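> Structure file input-v9.txt (compact mmCIF, C-alpha atoms) right here:
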# COMPACT_ATOMS: atom_id res chain seq x y z
CA LEU Z 1 21.82 11.78 11.50
CA ASP Z 2 20.27 12.61 8.13
CA GLU Z 3 23.66 13.26 6.51
CA ALA Z 4 25.05 10.07 8.02
CA ASN Z 5 22.03 8.10 6.82
CA SER Z 6 22.65 9.40 3.31
CA ARG Z 7 26.26 8.20 3.45
CA LEU Z 8 25.09 4.81 4.65
CA ALA Z 9 22.57 4.52 1.83
CA ALA Z 10 25.14 5.62 -0.75
CA GLY Z 11 27.50 2.83 0.28
CA SER Z 12 30.76 2.42 -1.58
CA PRO Z 13 32.07 0.32 -4.45
CA SER Z 14 32.74 -3.32 -3.67
CA ALA Z 15 36.31 -4.35 -2.98
CA GLU Z 16 35.71 -7.67 -4.73
CA GLY Z 17 37.14 -8.31 -8.17
CA THR Z 18 35.82 -10.45 -11.01
CA ALA Z 19 32.93 -12.64 -9.94
CA ALA Z 20 33.80 -16.31 -9.46
CA THR Z 21 31.87 -19.09 -11.15
CA TYR Z 22 31.01 -22.48 -9.67
CA PRO Z 23 29.87 -25.85 -11.04
CA ALA Z 24 26.10 -26.26 -11.11
CA ASP Z 25 26.29 -28.91 -8.41
CA ALA Z 26 28.68 -26.97 -6.14
CA LYS Z 27 27.88 -27.05 -2.43
CA LEU Z 28 28.31 -23.58 -0.93
CA ILE Z 29 28.26 -22.61 2.74
CA ALA Z 30 28.91 -19.36 4.61
CA LEU Z 31 30.65 -19.40 7.98
CA THR Z 32 29.96 -16.23 9.96
CA PHE Z 33 31.60 -14.91 13.10
CA ASP Z 34 30.08 -12.32 15.46
CA ASP Z 35 31.20 -10.01 18.26
CA GLY Z 36 34.87 -9.63 17.31
CA PRO Z 37 37.46 -8.99 16.50
CA GLY Z 38 39.13 -10.74 19.43
CA LYS Z 39 42.73 -9.84 20.25
CA SER Z 40 44.17 -13.37 20.02
CA THR Z 41 41.33 -15.49 18.68
CA THR Z 42 40.63 -13.61 15.46
CA PRO Z 43 44.26 -13.61 14.22
CA ARG Z 44 44.41 -17.38 14.73
CA LEU Z 45 41.12 -17.85 12.89
CA LEU Z 46 42.33 -15.69 10.01
CA ASP Z 47 45.51 -17.78 9.81
CA GLU Z 48 43.48 -20.99 9.61
CA LEU Z 49 41.11 -19.59 6.98
CA LYS Z 50 44.07 -18.49 4.89
CA LYS Z 51 45.72 -21.92 5.08
CA ARG Z 52 42.59 -23.47 3.60
CA GLY Z 53 41.74 -20.82 1.03
CA ALA Z 54 38.42 -20.35 2.81
CA LYS Z 55 36.41 -17.16 3.08
CA ALA Z 56 34.17 -16.06 5.95
CA THR Z 57 31.97 -13.18 7.00
CA PHE Z 58 32.73 -11.21 10.16
CA PHE Z 59 29.93 -9.25 11.82
CA VAL Z 60 32.01 -6.93 13.94
CA VAL Z 61 31.11 -4.91 17.01
CA GLY Z 62 32.24 -1.33 16.55
CA SER Z 63 33.84 -0.96 19.98
CA ASN Z 64 36.05 -3.99 19.26
CA ALA Z 65 36.82 -2.84 15.73
CA LYS Z 66 38.02 0.44 17.20
CA LYS Z 67 40.44 -1.46 19.49
CA TYR Z 68 41.83 -3.66 16.70
CA PRO Z 69 41.65 -1.81 13.38
CA ASP Z 70 44.56 -3.80 11.97
CA LEU Z 71 42.47 -6.96 12.23
CA ILE Z 72 39.60 -5.30 10.35
CA ARG Z 73 42.03 -4.25 7.61
CA ARG Z 74 43.41 -7.78 7.47
CA MET Z 75 39.92 -9.26 7.07
CA ALA Z 76 39.28 -6.98 4.11
CA GLU Z 77 42.71 -7.52 2.54
CA GLU Z 78 42.32 -11.31 2.72
CA GLY Z 79 38.95 -11.29 0.97
CA HIS Z 80 36.54 -11.78 3.84
CA ALA Z 81 33.27 -9.90 4.12
CA ILE Z 82 32.78 -7.44 6.98
CA GLY Z 83 29.31 -6.75 8.31
CA ASN Z 84 27.83 -4.47 10.95
CA HIS Z 85 26.88 -5.92 14.35
CA SER Z 86 26.15 -2.54 15.98
CA TYR Z 87 28.62 -0.42 17.91
CA SER Z 88 28.13 -1.86 21.40
CA HIS Z 89 25.95 -4.96 20.87
CA GLN Z 90 22.67 -3.36 21.94
CA ASN Z 91 19.30 -4.95 21.28
CA LEU Z 92 18.16 -2.74 18.40
CA VAL Z 93 14.51 -3.71 18.79
CA LYS Z 94 14.39 -2.50 22.39
CA ALA Z 95 16.34 0.69 21.64
CA ASP Z 96 14.57 3.93 20.80
CA GLU Z 97 14.82 5.02 17.17
CA ALA Z 98 17.67 7.49 17.66
CA THR Z 99 19.75 4.92 19.54
CA MET Z 100 19.04 2.22 16.97
CA LYS Z 101 20.27 4.44 14.15
CA GLU Z 102 23.29 5.65 16.11
CA GLN Z 103 24.36 2.09 16.92
CA ILE Z 104 24.25 1.12 13.25
CA LEU Z 105 25.78 4.30 11.84
CA ARG Z 106 28.61 4.55 14.34
CA CYS Z 107 29.77 1.02 13.55
CA ALA Z 108 29.30 1.49 9.79
CA GLU Z 109 31.31 4.70 9.67
CA LEU Z 110 34.11 3.14 11.70
CA ILE Z 111 34.33 0.22 9.27
CA GLN Z 112 34.37 2.63 6.35
CA THR Z 113 37.15 4.68 7.96
CA ILE Z 114 39.27 1.56 8.44
CA THR Z 115 38.60 -0.23 5.14
CA GLY Z 116 37.35 2.47 2.78
CA HIS Z 117 34.10 0.55 2.28
CA MET Z 118 30.72 1.03 3.93
CA PRO Z 119 29.26 -2.32 5.05
CA THR Z 120 26.07 -3.41 3.32
CA LEU Z 121 25.22 -6.26 5.70
CA LEU Z 122 23.79 -5.93 9.21
CA ARG Z 123 23.34 -8.72 11.72
CA PRO Z 124 21.24 -7.33 14.57
CA PRO Z 125 22.53 -8.40 17.99
CA GLY Z 126 20.74 -11.51 19.17
CA GLY Z 127 19.16 -11.81 15.74
CA ASN Z 128 16.40 -9.51 17.02
CA PHE Z 129 14.51 -7.57 14.37
CA ASP Z 130 11.16 -5.91 13.74
CA ASP Z 131 9.46 -3.94 10.97
CA ARG Z 132 11.04 -0.69 12.14
CA LEU Z 133 14.55 -2.10 11.78
CA GLN Z 134 13.79 -3.70 8.42
CA THR Z 135 12.28 -0.47 7.12
CA TYR Z 136 15.37 1.48 8.19
CA ALA Z 137 17.60 -1.16 6.59
CA LYS Z 138 15.67 -0.87 3.33
CA GLU Z 139 15.91 2.93 3.38
CA THR Z 140 19.67 2.83 3.94
CA GLY Z 141 20.57 -0.02 1.59
CA LEU Z 142 21.31 -2.64 4.24
CA SER Z 143 20.53 -6.34 4.02
CA LEU Z 144 19.91 -8.18 7.29
CA VAL Z 145 21.57 -11.54 7.89
CA ASN Z 146 20.67 -14.07 10.55
CA TRP Z 147 21.52 -17.77 10.28
CA THR Z 148 20.48 -21.31 9.45
CA VAL Z 149 22.80 -23.10 11.88
CA ASP Z 150 23.19 -21.89 15.47
CA THR Z 151 26.23 -23.62 16.97
CA ARG Z 152 25.49 -22.14 20.42
CA ASP Z 153 29.24 -21.77 20.84
CA TRP Z 154 28.78 -18.77 23.13
CA LYS Z 155 26.90 -20.98 25.60
CA THR Z 156 28.74 -24.31 25.55
CA ARG Z 157 32.32 -23.05 25.01
CA ASP Z 158 33.09 -26.66 24.07
CA LYS Z 159 34.58 -27.79 20.76
CA GLU Z 160 32.74 -31.10 20.52
CA ALA Z 161 29.39 -29.57 21.47
CA ILE Z 162 29.85 -26.86 18.84
CA LEU Z 163 30.61 -29.44 16.16
CA ALA Z 164 27.67 -31.62 17.23
CA ALA Z 165 25.30 -28.66 16.93
CA ALA Z 166 26.70 -27.72 13.53
CA PHE Z 167 26.61 -31.20 12.01
CA GLN Z 168 23.25 -32.27 13.38
CA THR Z 169 20.89 -33.75 10.81
CA GLY Z 170 17.78 -31.92 9.71
CA THR Z 171 16.70 -28.35 9.12
CA TYR Z 172 19.04 -26.73 11.64
CA GLY Z 173 22.22 -28.55 10.67
CA ILE Z 174 24.85 -27.88 8.03
CA GLN Z 175 23.56 -28.14 4.47
CA ASP Z 176 24.12 -26.60 1.07
CA GLY Z 177 23.35 -22.88 1.15
CA ALA Z 178 23.45 -22.59 4.94
CA ILE Z 179 24.70 -19.65 6.99
CA VAL Z 180 26.50 -20.81 10.15
CA LEU Z 181 26.63 -18.68 13.31
CA MET Z 182 29.76 -18.62 15.48
CA HIS Z 183 31.68 -16.06 17.55
CA ASP Z 184 35.38 -15.38 16.99
CA VAL Z 185 36.01 -14.29 20.57
CA TYR Z 186 36.31 -17.78 22.08
CA GLU Z 187 39.27 -20.16 21.76
CA SER Z 188 36.85 -23.11 21.74
CA THR Z 189 35.09 -21.62 18.72
CA VAL Z 190 38.32 -21.30 16.76
CA ASP Z 191 39.23 -24.88 17.69
CA ALA Z 192 35.84 -26.05 16.42
CA ALA Z 193 35.99 -23.87 13.30
CA VAL Z 194 39.30 -25.42 12.27
CA GLU Z 195 37.89 -28.94 12.39
CA MET Z 196 34.61 -27.76 10.84
CA MET Z 197 36.43 -26.28 7.86
CA ASP Z 198 38.39 -29.48 7.30
CA ARG Z 199 35.28 -31.63 7.51
CA LEU Z 200 33.33 -29.35 5.20
CA GLN Z 201 36.07 -29.28 2.59
CA GLU Z 202 36.41 -33.05 2.80
CA GLN Z 203 32.66 -33.24 2.10
CA GLY Z 204 33.08 -31.04 -0.99
CA TYR Z 205 31.81 -27.73 0.39
CA ILE Z 206 33.18 -24.41 -0.83
CA LEU Z 207 33.43 -21.86 2.00
CA VAL Z 208 32.26 -18.48 0.74
CA THR Z 209 31.21 -15.12 2.14
CA VAL Z 210 27.56 -14.26 2.69
CA PRO Z 211 27.58 -11.72 -0.18
CA GLU Z 212 29.05 -14.39 -2.46
CA LEU Z 213 26.49 -16.99 -1.39
CA LEU Z 214 23.62 -14.58 -2.03
CA ARG Z 215 25.12 -13.37 -5.33
CA VAL Z 216 25.35 -16.90 -6.68
CA ARG Z 217 22.07 -18.25 -5.35
CA CYS Z 218 19.82 -15.18 -5.16
CA GLY Z 219 21.26 -12.73 -7.67
CA GLY Z 220 22.57 -10.61 -4.82
CA ALA Z 221 21.41 -9.41 -1.42
CA GLN Z 222 18.42 -7.06 -1.41
CA ALA Z 223 18.09 -4.08 0.92
CA GLY Z 224 15.64 -4.57 3.76
CA VAL Z 225 15.44 -8.33 3.34
CA LEU Z 226 16.42 -10.61 6.24
CA TYR Z 227 18.29 -13.73 5.12
CA TYR Z 228 18.55 -17.01 7.03
CA SER Z 229 20.14 -18.92 4.15
CA ASP Z 230 20.26 -18.83 0.37
CA SER Z 231 16.65 -20.03 0.25
CA ARG Z 232 15.01 -18.65 3.41
CA SER Z 233 14.35 -14.96 3.87
CA HIS Z 234 11.87 -12.51 5.40
CA SER Z 235 10.65 -9.33 3.71
CA ILE Z 236 8.41 -6.57 4.97
CA GLY Z 237 5.26 -5.48 3.20
Would you kindly transcribe this structure into structure tokens?

Amino acid sequence: LDEANSRLAAGSPSAEGTAATYPADAKLIALTFDDGPGKSTTPRLLDELKKRGAKATFFVVGSNAKKYPDLIRRMAEEGHAIGNHSYSHQNLVKADEATMKEQILRCAELIQTITGHMPTLLRPPGGNFDDRLQTYAKETGLSLVNWTVDTRDWKTRDKEAILAAAFQTGTYGIQDGAIVLMHDVYESTVDAAVEMMDRLQEQGYILVTVPELLRVRCGGAQAGVLYYSDSRSHSIG
């Protein structure tokens, strides 16, 4: 594992080109999708993102990425960010240290094999984290990403309920700088995401990747830091 850990820490050059600039009053938001790719749902979501010129972040499960490598390549080619969501969606906090590392490394190396780029973002399954995981992330150059807005799409499987959760008022609803959690393995989620994108763009939001959001608002993601949004994070030590 030591050699693999070194490769993870070394990372690889970003596939992104010249950095974009935004007006000072621009409203930025990052839509994120976990657990995919899904055989039929993810292609439809990618089509809808492309139609709108919107970017998203996909936290992929390695076992699904292995099944559908063409979808991973398409995500990268179309300018979306690809993050690590472990190889088989295990709770990394409950896993022993060797299993935790293997789950992260196996997914990371698969993504690198498919895209040529080692992921620098990790969303731990269930959002579960502890000091051990954050320390390992810091040692290997990974930033942890959770969310501001939990649409609970995995539970309700209902378009209107997903949209209601997303657009609720207050701390846990959509706002400038938010990171929105969804899962691109449900048809209801894609249905909701389509309407969500239209509503957000009508409200003047620019849909960006998590790395782009953190670059613009935080000067870039930092290894070992857990981000909930552009303004909420958790560091160890």
> Applying 9 Å and only C-alpha atoms, which residues near range 175-182 of chain Z remain after dropping the ones on its own chain fewer than 5 positions away? List them as a ChimeraX atom specification.
/Z:26-34,145-154,162,166-167,169-170,189,193,205,210,213-214,217,227-231
> Ranking Z:Ile236, Z:Leu105, Z:Ala95, Z:Ala54 by minimum distance to Met196 in chain Z and counting only C-alpha atoms, which one comes first?
Z:Ala54
> One decimal, in Å: what's the spacing between CA of Arg132 in chain Z and CA of Ala223 in chain Z?
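The value is 13.7 Å.
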> Fewer than 6 positions away in the same chain doesn't count, so skip those; otherwise give me all residues within 8 Å of Lys159 in chain Z, counting all atoms listed in the file, as a list in words.
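Once the adjacent positions are removed, what remains is Ser188, Thr189, Asp191 and Ala192 of chain Z.
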> Write a file of the just-selected residues containing C-alpha atoms, as a short mmCIF file (atom, residue, chain, number, x, y, z; two decimals), in the frame of the given file.

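Output saved as part_28.cif:
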data_model
loop_
_atom_site.label_atom_id
_atom_site.label_comp_id
_atom_site.auth_asym_id
_atom_site.auth_seq_id
_atom_site.Cartn_x
_atom_site.Cartn_y
_atom_site.Cartn_z
CA SER Z 188 36.85 -23.11 21.74
CA THR Z 189 35.09 -21.62 18.72
CA ASP Z 191 39.23 -24.88 17.69
CA ALA Z 192 35.84 -26.05 16.42
#
> Once you count all atoms listed in the file, which residues end up no further than 12 Å from (19.1, -9.7, 15.1) in the file's frame, shown as JSON, numbers by chain?
{"Z": [34, 59, 84, 85, 86, 89, 90, 91, 92, 93, 94, 121, 122, 123, 124, 125, 126, 127, 128, 129, 130, 131, 133, 134, 143, 144, 145, 146, 147, 181, 226, 227, 228]}
> Hey, which of Z:Glu139, Z:Asp158, Z:Glu187, Z:Asp35 ends up closest to Ile82 in chain Z? Count only C-alpha atoms.
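For Ile82 in chain Z, the nearest of the given residues is Z:Asp35.
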